[in-house]
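Shown next: structure-v3.txt, containing compact mmCIF, C-alpha atoms and all ligand atoms.
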```txt
# COMPACT_ATOMS: atom_id res chain seq x y z
CA MET E 1 -0.47 14.28 -8.52
CA SER E 2 0.64 13.60 -5.00
CA ILE E 3 -0.60 15.03 -1.72
CA LEU E 4 1.46 15.90 1.31
CA VAL E 5 -0.24 15.63 4.71
CA VAL E 6 1.24 16.83 7.99
CA GLY E 7 -0.56 15.74 11.16
CA SER E 8 -0.86 13.18 13.92
CA VAL E 9 -0.44 9.41 13.88
CA ALA E 10 -1.88 8.08 17.12
CA PHE E 11 -3.14 5.39 19.36
CA ASP E 12 -6.79 6.12 20.10
CA SER E 13 -8.88 4.72 22.93
CA VAL E 14 -12.50 5.36 22.14
CA GLU E 15 -15.79 4.62 23.84
CA THR E 16 -19.15 4.99 22.09
CA PRO E 17 -22.62 3.79 23.18
CA PHE E 18 -21.96 0.73 20.99
CA GLY E 19 -18.59 -0.46 22.24
CA LYS E 20 -15.00 0.32 23.16
CA ALA E 21 -11.67 0.19 21.37
CA HIS E 22 -8.36 0.47 23.20
CA ASN E 23 -5.06 1.69 21.71
CA VAL E 24 -6.16 1.37 18.10
CA LEU E 25 -4.60 3.10 15.10
CA GLY E 26 -5.79 6.71 14.77
CA GLY E 27 -4.57 10.25 14.26
CA SER E 28 -5.51 12.86 11.69
CA ALA E 29 -2.73 11.95 9.24
CA ALA E 30 -3.54 8.22 9.43
CA TYR E 31 -7.21 8.77 8.57
CA PHE E 32 -6.45 11.43 5.97
CA SER E 33 -3.76 9.48 4.15
CA THR E 34 -5.67 6.20 4.10
CA SER E 35 -8.73 7.94 2.67
CA ALA E 36 -6.75 9.93 0.06
CA SER E 37 -4.82 6.80 -0.96
CA PHE E 38 -7.94 5.51 -2.75
CA PHE E 39 -7.50 8.39 -5.23
CA THR E 40 -3.84 9.36 -5.47
CA ASP E 41 -0.28 9.07 -4.08
CA VAL E 42 0.15 10.36 -0.54
CA ASN E 43 3.23 11.48 1.39
CA ILE E 44 2.96 11.71 5.14
CA VAL E 45 4.91 13.81 7.64
CA ALA E 46 4.23 12.79 11.25
CA VAL E 47 5.91 11.23 14.26
CA VAL E 48 5.42 7.98 16.18
CA GLY E 49 7.21 6.53 19.20
CA GLU E 50 9.21 3.36 19.74
CA ASP E 51 6.01 1.50 20.72
CA PHE E 52 4.36 1.95 17.31
CA PRO E 53 3.86 -1.54 15.88
CA GLN E 54 5.17 -2.69 12.53
CA GLU E 55 1.67 -3.95 11.71
CA HIS E 56 0.40 -0.33 11.38
CA ILE E 57 3.42 0.71 9.32
CA ASP E 58 2.79 -2.27 7.04
CA PHE E 59 -0.87 -1.29 6.67
CA LEU E 60 -0.06 2.33 5.68
CA ALA E 61 2.63 1.09 3.28
CA SER E 62 0.16 -1.41 1.79
CA ARG E 63 -2.04 1.58 0.84
CA GLY E 64 0.93 2.93 -1.16
CA ILE E 65 1.48 5.78 1.34
CA ASP E 66 5.06 7.10 1.28
CA LEU E 67 6.42 6.90 4.84
CA GLN E 68 9.80 8.57 4.35
CA GLY E 69 8.48 11.53 6.40
CA LEU E 70 7.15 9.39 9.26
CA ALA E 71 9.73 9.89 12.02
CA ARG E 72 10.16 7.37 14.83
CA ASP E 73 11.38 9.19 17.95
CA PRO E 74 12.44 7.85 21.34
CA GLY E 75 9.40 7.72 23.62
CA LYS E 76 5.74 6.81 23.31
CA THR E 77 3.30 7.47 20.46
CA PHE E 78 0.68 10.21 20.85
CA HIS E 79 -2.40 8.77 22.58
CA TRP E 80 -5.91 10.29 22.44
CA GLU E 81 -8.74 9.03 24.65
CA GLY E 82 -12.28 10.06 23.79
CA ARG E 83 -15.88 9.23 24.47
CA TYR E 84 -19.12 9.84 22.58
CA GLY E 85 -22.64 9.82 24.03
CA TYR E 86 -25.75 9.26 21.94
CA ASP E 87 -25.07 12.58 20.20
CA LEU E 88 -22.29 11.22 18.04
CA ASN E 89 -21.55 14.68 16.65
CA GLU E 90 -19.79 15.65 19.88
CA ALA E 91 -16.51 14.06 21.00
CA HIS E 92 -15.57 14.39 24.67
CA THR E 93 -11.80 14.28 25.09
CA LEU E 94 -10.94 12.27 28.22
CA ALA E 95 -7.16 12.51 27.89
CA THR E 96 -4.51 13.68 25.46
CA HIS E 97 -1.05 12.18 26.02
CA LEU E 98 1.12 14.12 23.60
CA ASN E 99 4.23 11.97 24.20
CA VAL E 100 6.53 12.25 21.13
CA PHE E 101 4.04 14.65 19.52
CA GLU E 102 4.92 17.28 22.15
CA SER E 103 8.24 18.10 20.52
CA PHE E 104 7.08 17.44 16.94
CA LYS E 105 8.80 19.81 14.50
CA PRO E 106 7.66 18.83 11.00
CA ARG E 107 10.67 18.37 8.68
CA ILE E 108 9.56 18.12 5.08
CA PRO E 109 11.85 15.77 3.10
CA SER E 110 13.20 17.58 0.02
CA SER E 111 11.42 15.07 -2.25
CA TYR E 112 8.06 16.30 -0.83
CA ALA E 113 8.80 20.03 -1.17
CA ASP E 114 7.22 20.28 -4.61
CA SER E 115 3.91 18.63 -3.61
CA ASP E 116 1.02 20.18 -5.51
CA TYR E 117 -1.55 19.46 -2.82
CA LEU E 118 -0.94 20.06 0.86
CA PHE E 119 -3.16 19.26 3.83
CA LEU E 120 -2.25 20.83 7.16
CA ALA E 121 -4.12 18.66 9.63
CA ASN E 122 -4.90 19.81 13.16
CA ILE E 123 -1.55 20.84 14.68
CA ASP E 124 -0.19 24.01 16.31
CA PRO E 125 -0.80 26.86 13.80
CA ASP E 126 2.82 28.02 14.24
CA LEU E 127 3.91 24.58 13.01
CA GLN E 128 1.43 24.82 10.14
CA MET E 129 3.14 28.09 9.11
CA ASP E 130 6.51 26.41 9.50
CA VAL E 131 5.39 23.71 7.03
CA LEU E 132 4.23 26.39 4.58
CA ARG E 133 7.75 27.85 4.62
CA GLN E 134 9.21 24.46 3.67
CA VAL E 135 7.09 23.80 0.55
CA ASN E 136 7.33 25.41 -2.88
CA ASN E 137 4.09 26.95 -4.00
CA PRO E 138 1.51 24.11 -3.87
CA LYS E 139 -1.50 24.38 -6.18
CA ILE E 140 -3.98 23.83 -3.32
CA ILE E 141 -3.40 24.13 0.42
CA ALA E 142 -6.13 23.10 2.86
CA SER E 143 -6.02 23.23 6.64
CA ASP E 144 -7.92 22.05 9.69
CA THR E 145 -7.74 23.16 13.33
CA MET E 146 -9.47 22.60 16.68
CA ASN E 147 -11.02 24.55 19.58
CA TYR E 148 -7.76 24.41 21.59
CA TRP E 149 -5.81 26.40 18.96
CA ILE E 150 -8.71 28.78 18.30
CA SER E 151 -8.63 29.86 21.94
CA SER E 152 -4.90 29.57 22.66
CA LYS E 153 -3.34 30.93 19.42
CA PRO E 154 -5.97 33.04 17.61
CA GLU E 155 -3.44 35.36 15.93
CA SER E 156 -1.28 32.52 14.57
CA LEU E 157 -4.40 30.80 13.32
CA ARG E 158 -5.55 33.93 11.50
CA THR E 159 -2.20 34.03 9.72
CA VAL E 160 -2.63 30.39 8.66
CA VAL E 161 -6.16 30.82 7.34
CA LYS E 162 -5.08 33.79 5.22
CA ASN E 163 -2.29 31.71 3.70
CA VAL E 164 -4.31 28.63 2.73
CA ASP E 165 -6.86 28.12 -0.04
CA ILE E 166 -9.40 26.02 1.84
CA LEU E 167 -10.24 25.92 5.54
CA ILE E 168 -11.99 22.67 6.54
CA ILE E 169 -13.46 22.87 10.05
CA ASN E 170 -16.54 21.69 11.92
CA ASP E 171 -19.53 23.87 12.77
CA ALA E 172 -18.55 24.46 16.42
CA GLU E 173 -15.07 25.57 15.30
CA ALA E 174 -16.53 27.92 12.65
CA ARG E 175 -18.75 29.51 15.32
CA GLN E 176 -15.88 29.81 17.79
CA LEU E 177 -13.39 31.22 15.27
CA SER E 178 -15.86 33.85 13.98
CA GLN E 179 -17.56 34.46 17.35
CA GLU E 180 -20.86 34.22 15.55
CA PRO E 181 -23.53 31.57 16.29
CA ASN E 182 -25.30 31.73 12.91
CA LEU E 183 -23.28 29.64 10.45
CA VAL E 184 -24.06 31.74 7.37
CA LYS E 185 -22.98 34.91 9.16
CA ALA E 186 -20.00 33.02 10.59
CA ALA E 187 -18.96 32.06 7.06
CA ARG E 188 -19.28 35.64 5.86
CA LYS E 189 -17.08 36.83 8.73
CA LEU E 190 -14.44 34.20 7.98
CA LEU E 191 -14.44 35.10 4.26
CA ASP E 192 -14.04 38.74 5.34
CA ILE E 193 -10.91 37.97 7.36
CA GLY E 194 -9.33 36.30 4.32
CA VAL E 195 -10.54 32.66 4.15
CA LYS E 196 -10.87 31.92 0.41
CA THR E 197 -13.01 28.77 0.57
CA LEU E 198 -14.62 27.57 3.78
CA ILE E 199 -15.88 24.02 4.22
CA VAL E 200 -17.94 23.46 7.36
CA LYS E 201 -18.43 19.83 8.47
CA ARG E 202 -21.68 19.28 10.33
CA GLY E 203 -21.46 15.59 11.23
CA GLU E 204 -24.67 13.75 10.37
CA TYR E 205 -26.11 17.00 8.94
CA GLY E 206 -23.61 17.12 6.08
CA VAL E 207 -21.30 19.82 4.77
CA LEU E 208 -21.59 23.46 3.77
CA MET E 209 -19.12 25.14 1.41
CA PHE E 210 -18.79 28.89 1.02
CA ASN E 211 -16.53 30.95 -1.18
CA GLY E 212 -16.77 34.40 -2.73
CA SER E 213 -19.07 33.28 -5.53
CA SER E 214 -20.94 30.20 -4.40
CA VAL E 215 -22.57 28.24 -1.58
CA PHE E 216 -23.00 24.46 -1.69
CA SER E 217 -24.90 22.31 0.77
CA ALA E 218 -24.32 18.54 0.74
CA PRO E 219 -26.11 16.09 3.02
CA ALA E 220 -24.29 13.31 4.81
CA TYR E 221 -24.94 9.82 3.46
CA PRO E 222 -27.83 8.52 5.61
CA LEU E 223 -26.54 5.51 7.50
CA GLU E 224 -28.51 3.12 9.69
CA GLU E 225 -25.46 2.08 11.72
CA VAL E 226 -23.02 4.73 12.92
CA PHE E 227 -20.54 3.02 15.18
CA ASP E 228 -17.68 5.44 15.87
CA PRO E 229 -17.39 8.95 14.38
CA THR E 230 -13.67 9.31 15.22
CA GLY E 231 -11.71 10.34 12.16
CA ALA E 232 -14.76 11.24 10.06
CA GLY E 233 -13.45 14.79 9.55
CA ASP E 234 -9.98 13.72 8.47
CA THR E 235 -11.37 10.98 6.26
CA PHE E 236 -13.63 13.60 4.65
CA ALA E 237 -10.61 15.82 4.00
CA GLY E 238 -8.68 12.84 2.54
CA GLY E 239 -11.44 11.96 0.06
CA PHE E 240 -11.93 15.63 -0.79
CA MET E 241 -8.24 16.37 -1.44
CA GLY E 242 -7.68 12.95 -3.01
CA TYR E 243 -10.30 13.63 -5.66
CA LEU E 244 -8.92 17.13 -6.37
CA ALA E 245 -5.39 15.79 -6.71
CA ASN E 246 -6.53 12.91 -8.94
CA THR E 247 -8.40 15.15 -11.40
CA GLY E 248 -6.67 18.54 -10.98
CA ASP E 249 -10.16 20.02 -11.35
CA ILE E 250 -10.43 22.90 -8.89
CA SER E 251 -13.41 24.54 -10.60
CA ASP E 252 -16.61 25.03 -8.60
CA ASP E 253 -17.98 21.78 -10.10
CA GLY E 254 -14.79 19.94 -9.20
CA ILE E 255 -14.94 21.19 -5.60
CA ARG E 256 -18.58 20.05 -5.32
CA LYS E 257 -17.71 16.55 -6.54
CA ALA E 258 -14.74 16.46 -4.18
CA ILE E 259 -17.09 17.31 -1.29
CA ILE E 260 -19.30 14.36 -2.24
CA PHE E 261 -16.27 12.02 -2.40
CA GLY E 262 -15.21 13.32 1.01
CA SER E 263 -18.69 12.68 2.44
CA VAL E 264 -18.76 9.18 0.95
CA MET E 265 -15.36 8.29 2.45
CA ALA E 266 -16.39 9.63 5.88
CA SER E 267 -19.58 7.56 5.75
CA PHE E 268 -17.46 4.40 5.56
CA THR E 269 -15.11 5.37 8.41
CA VAL E 270 -17.93 5.79 10.93
CA GLU E 271 -19.22 2.27 10.32
CA ASP E 272 -16.48 0.73 12.49
CA PHE E 273 -13.75 1.61 15.01
CA SER E 274 -10.38 2.97 13.90
CA LEU E 275 -9.56 2.41 10.21
CA ASN E 276 -11.21 -1.01 10.22
CA ARG E 277 -13.85 -0.19 7.60
CA LEU E 278 -11.36 1.59 5.31
CA LYS E 279 -9.10 -1.48 5.53
CA LYS E 280 -11.80 -3.57 3.86
CA LEU E 281 -13.04 -0.92 1.42
CA ASN E 282 -12.70 -1.13 -2.35
CA TYR E 283 -13.15 1.54 -5.02
CA ARG E 284 -16.33 -0.07 -6.41
CA GLU E 285 -18.07 0.50 -3.06
CA ILE E 286 -16.99 4.17 -3.14
CA GLU E 287 -18.47 4.60 -6.63
CA GLU E 288 -21.70 2.90 -5.62
CA ARG E 289 -22.17 5.15 -2.61
CA TYR E 290 -21.33 8.24 -4.70
CA ARG E 291 -24.05 7.28 -7.20
CA SER E 292 -26.60 6.57 -4.52
CA LEU E 293 -25.88 9.88 -2.74
CA LYS E 294 -26.39 11.64 -6.07
CA ALA E 295 -29.70 9.85 -6.63
CA MET E 296 -30.90 10.63 -3.10
CA THR E 297 -30.23 14.34 -3.44
CA HIS E 298 -31.47 14.86 -7.00
CA PHE E 299 -34.50 17.04 -7.59
CA GLU E 300 -35.93 18.67 -10.71
CA GLY E 301 -35.89 22.37 -11.56
CA LEU E 302 -38.74 24.74 -10.66
CA PRO E 303 -42.03 23.31 -12.05
CA GLU E 304 -44.44 25.40 -14.14
CA MET E 305 -47.61 25.62 -12.02
CA GLY E 306 -49.49 28.44 -13.68
CA ILE E 307 -49.54 30.58 -10.52
CA SER E 308 -49.56 34.28 -11.29
CA VAL E 309 -47.63 36.62 -9.06
P1 LIG H 1 -11.59 13.81 13.70
O1 LIG H 1 -11.50 13.56 12.24
O2 LIG H 1 -11.77 15.27 14.02
O3 LIG H 1 -12.57 12.91 14.40
O4 LIG H 1 -10.11 13.47 14.28
C1 LIG H 1 -9.87 12.37 15.12
C2 LIG H 1 -8.40 12.09 15.27
O5 LIG H 1 -7.73 13.25 15.75
C3 LIG H 1 -8.16 11.00 16.30
O6 LIG H 1 -7.73 9.82 15.65
C4 LIG H 1 -7.10 11.57 17.25
O7 LIG H 1 -5.99 10.71 17.40
C5 LIG H 1 -6.67 12.86 16.60
N1 LIG H 1 -6.49 13.92 17.60
C6 LIG H 1 -7.23 14.16 18.72
N2 LIG H 1 -6.75 15.22 19.40
C7 LIG H 1 -5.66 15.68 18.72
C8 LIG H 1 -4.70 16.74 18.91
N3 LIG H 1 -4.75 17.55 19.97
N4 LIG H 1 -3.74 16.90 17.98
C9 LIG H 1 -3.68 16.10 16.91
N5 LIG H 1 -4.51 15.07 16.67
C10 LIG H 1 -5.51 14.85 17.55
```
Structure rendered as structure tokens:
Amino acid sequence: MSILVVGSVAFDSVETPFGKAHNVLGGSAAYFSTSASFFTDVNIVAVVGEDFPQEHIDFLASRGIDLQGLARDPGKTFHWEGRYGYDLNEAHTLATHLNVFESFKPRIPSSYADSDYLFLANIDPDLQMDVLRQVNNPKIIASDTMNYWISSKPESLRTVVKNVDILIINDAEARQLSQEPNLVKAARKLLDIGVKTLIVKRGEYGVLMFNGSSVFSAPAYPLEEVFDPTGAGDTFAGGFMGYLANTGDISDDGIRKAIIFGSVMASFTVEDFSLNRLKKLNYREIEERYRSLKAMTHFEGLPEMGISV
């Protein structure tokens, strides 16, 4: 089954302690769709400017991503500039040039309106609601957001989170949205305001999932070389949704496996700048990393030790 993603396609300029990349392919929808394309068909709704090179279009098309919803508007492509220090979990935004993204009004082509899986990447929550009005009853809707929208449009964001099935945000966003520093209490508060399933991304510390009946904690794949964390969150979401759409299994077990696929995909993205690692990736490597993450996190049930209580 196919996935629809609505988000940004960007030029990123990124600096990490290990190097710099200038004007490379980025954006939430680019990372998400490339990651999900390893599992299922993906339709993208986003906007680029006149300066967006054919080479990037060709790459996305080569992943089988449907680009009918990728508008090309007069002007320049959205450009994000960021820097990471040695704490790679924290991105410092140096500049955000919205360019054509400023007037982005997502128009969902009629052929995408029946998508079963929908990912609302980090855009204005009012636009996320506008997308929801243009689609017909998807089976699973997930959404992301960022600190800017949490502080500038809290009411609109609350409406979005009540209308989606899964909220995928990072730990700082979960704390900010709930106004609660303890993540477990933060999760409870967010479930109380109507979030059905909450997935909290914690960078190198892994992922926590909470819903009414279960909690799941997954570690990140331990990597020796982390080069550039940009896009890890969107790549996670792409692997997660891609697996769900491929199998249709939205049981608790299915969601747990999807979280592991998401973590595996993110672990590849951070090994290089931009989508460079995903460009070279094949499905066998994904399977191998899934198996090794399973082996690393396996432990036996409670042993019998003859201790009386
Ligand atoms: P993440 O997965 O959270 O690391 O997302 C990184 C991507 O988000 C980068 O490739 C940026 O181009 C994109 N991005 C950064 N700021 C914004 C924004 N305000 N709106 C939409 N996309 C953004």
Kindly provide, as JSON, the centre and edge lengths (Å, one decimal) of an axis-aligned box around all atoms of ligand LIG 1 (chain H) given in the file, with 3 Å on each side.
```
{"center_x": -8.1, "center_y": 13.7, "center_z": 16.1, "size_x": 14.9, "size_y": 13.7, "size_z": 13.7}
```
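The space between atom CA of E:Val47 and atom CA of E:Gly239 spans 22.4 Å.
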Practice item. Please identify every polymer residue within 7 Å of ligand LIG 1 (chain H), using all atoms listed in the file, and present the set as a ChimeraX atom specification. Key: /E:7-12,26-28,79-80,96,122-123,229-235
Review point. Which is closer to E:Met129 than all the others in E:Val6, E:His97, E:Val184, E:Arg289, using all atoms listed in the file?
Key: E:Val6
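When the distance limit is 7 Å and all atoms listed in the file are what count, the residues near E:Glu15, minus those fewer than 6 positions from it on the same chain, are E:Ala21, E:Gly82, E:Arg83, E:Tyr84.
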Point to revise | Nearby residues (all atoms listed in the file) at most 12 Å from stretch 294-298 of chain E, same-chain spacing under 2 positions excluded, as a list in words | key: Gly206, Ser217, Ala218, Pro219, Ala220, Tyr221, Pro222, Arg256, Lys257, Ile259, Ile260, Phe261, Ser263, Val264, Glu287, Glu288, Arg289, Tyr290, Arg291, Ser292, Glu300 and Gly301 of chain E
For those residues, write C-alpha atoms to a file as a CSV table (one decimal), in the frame of the given file.
```csv
chain,number,residue,atom,x,y,z
E,206,GLY,CA,-23.6,17.1,6.1
E,217,SER,CA,-24.9,22.3,0.8
E,218,ALA,CA,-24.3,18.5,0.7
E,219,PRO,CA,-26.1,16.1,3.0
E,220,ALA,CA,-24.3,13.3,4.8
E,221,TYR,CA,-24.9,9.8,3.5
E,222,PRO,CA,-27.8,8.5,5.6
E,256,ARG,CA,-18.6,20.0,-5.3
E,257,LYS,CA,-17.7,16.6,-6.5
E,259,ILE,CA,-17.1,17.3,-1.3
E,260,ILE,CA,-19.3,14.4,-2.2
E,261,PHE,CA,-16.3,12.0,-2.4
E,263,SER,CA,-18.7,12.7,2.4
E,264,VAL,CA,-18.8,9.2,1.0
E,287,GLU,CA,-18.5,4.6,-6.6
E,288,GLU,CA,-21.7,2.9,-5.6
E,289,ARG,CA,-22.2,5.2,-2.6
E,290,TYR,CA,-21.3,8.2,-4.7
E,291,ARG,CA,-24.0,7.3,-7.2
E,292,SER,CA,-26.6,6.6,-4.5
E,300,GLU,CA,-35.9,18.7,-10.7
E,301,GLY,CA,-35.9,22.4,-11.6
```
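Checking E:Ile140, E:Gly85, E:Val161, E:Leu4 one by one against E:Asp249, counting only C-alpha atoms, you find the shortest gap at E:Ile140.
Counting from atom CA of E:Thr197, the distance to atom CA of E:Ala30 is 24.3 Å.
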Exercise for review: May I have the residues within 12 Å of E:Asp116 as a PyMOL selection string, using all atoms listed in the file and disregarding those fewer than 6 positions away in the same chain?
Suggested key: chain E and resi 1-5+40-43+135-142+241-242+244-246+248
Write the residues you've just listed into a file as an mmCIF file, keeping the file's coordinate frame, and include C-alpha atoms for each of them.
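Listing of selection_13.cif after writing:
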```
data_model
loop_
_atom_site.group_PDB
_atom_site.id
_atom_site.type_symbol
_atom_site.label_atom_id
_atom_site.label_comp_id
_atom_site.auth_asym_id
_atom_site.auth_seq_id
_atom_site.Cartn_x
_atom_site.Cartn_y
_atom_site.Cartn_z
ATOM 1 C CA MET E 1 -0.470 14.280 -8.520
ATOM 2 C CA SER E 2 0.640 13.600 -5.000
ATOM 3 C CA ILE E 3 -0.600 15.030 -1.720
ATOM 4 C CA LEU E 4 1.460 15.900 1.310
ATOM 5 C CA VAL E 5 -0.240 15.630 4.710
ATOM 6 C CA THR E 40 -3.840 9.360 -5.470
ATOM 7 C CA ASP E 41 -0.280 9.070 -4.080
ATOM 8 C CA VAL E 42 0.150 10.360 -0.540
ATOM 9 C CA ASN E 43 3.230 11.480 1.390
ATOM 10 C CA VAL E 135 7.090 23.800 0.550
ATOM 11 C CA ASN E 136 7.330 25.410 -2.880
ATOM 12 C CA ASN E 137 4.090 26.950 -4.000
ATOM 13 C CA PRO E 138 1.510 24.110 -3.870
ATOM 14 C CA LYS E 139 -1.500 24.380 -6.180
ATOM 15 C CA ILE E 140 -3.980 23.830 -3.320
ATOM 16 C CA ILE E 141 -3.400 24.130 0.420
ATOM 17 C CA ALA E 142 -6.130 23.100 2.860
ATOM 18 C CA MET E 241 -8.240 16.370 -1.440
ATOM 19 C CA GLY E 242 -7.680 12.950 -3.010
ATOM 20 C CA LEU E 244 -8.920 17.130 -6.370
ATOM 21 C CA ALA E 245 -5.390 15.790 -6.710
ATOM 22 C CA ASN E 246 -6.530 12.910 -8.940
ATOM 23 C CA GLY E 248 -6.670 18.540 -10.980
#
```
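One finds atom CA of E:Gly69 at 11.6 Å from atom CA of E:Lys105.
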Practice item. Mind listing whatever residues come within 12 Å of the point (-15.2, -0.7, -0.5)? Use only C-alpha atoms, file coordinates, and give them as a ChimeraX atom specification. Key: /E:35,38,264-265,267-269,271,276-290
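The shortest atom-to-atom distance to E:Ala237, with only C-alpha atoms taken into account, belongs to E:Ile199 out of E:Val270, E:Ile193, E:Ile199, E:Val24.
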Study note, to complete from the structure: One residue among E:Leu118, E:Pro303, E:Ala113, E:Leu167 is nearest to E:Ala36 when using all atoms listed in the file, and that residue is E:Leu118
**Study point:** Spatial neighbours of E:Phe18, max dist 9 Å, all atoms listed in the file, sep filter under 2 positions, as a PyMOL selection string
**Key:** chain E and resi 15-16+20+227-228
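Of the residues listed (E:Ala61, E:Val195, E:Leu275, E:Leu70), E:Leu70 shows the shortest atom-to-atom separation from E:Val45; distances use only C-alpha atoms.
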Excluding stretch 186-192 of chain E and its own-chain neighbours fewer than 6 positions away, which residues fall within 7 Å of it when counting all atoms listed in the file? Please give them as a CSV table (one decimal) with C-alpha atoms, in the frame of the given file.
```csv
chain,number,residue,atom,x,y,z
E,174,ALA,CA,-16.5,27.9,12.6
E,175,ARG,CA,-18.8,29.5,15.3
E,178,SER,CA,-15.9,33.8,14.0
E,180,GLU,CA,-20.9,34.2,15.6
E,210,PHE,CA,-18.8,28.9,1.0
```
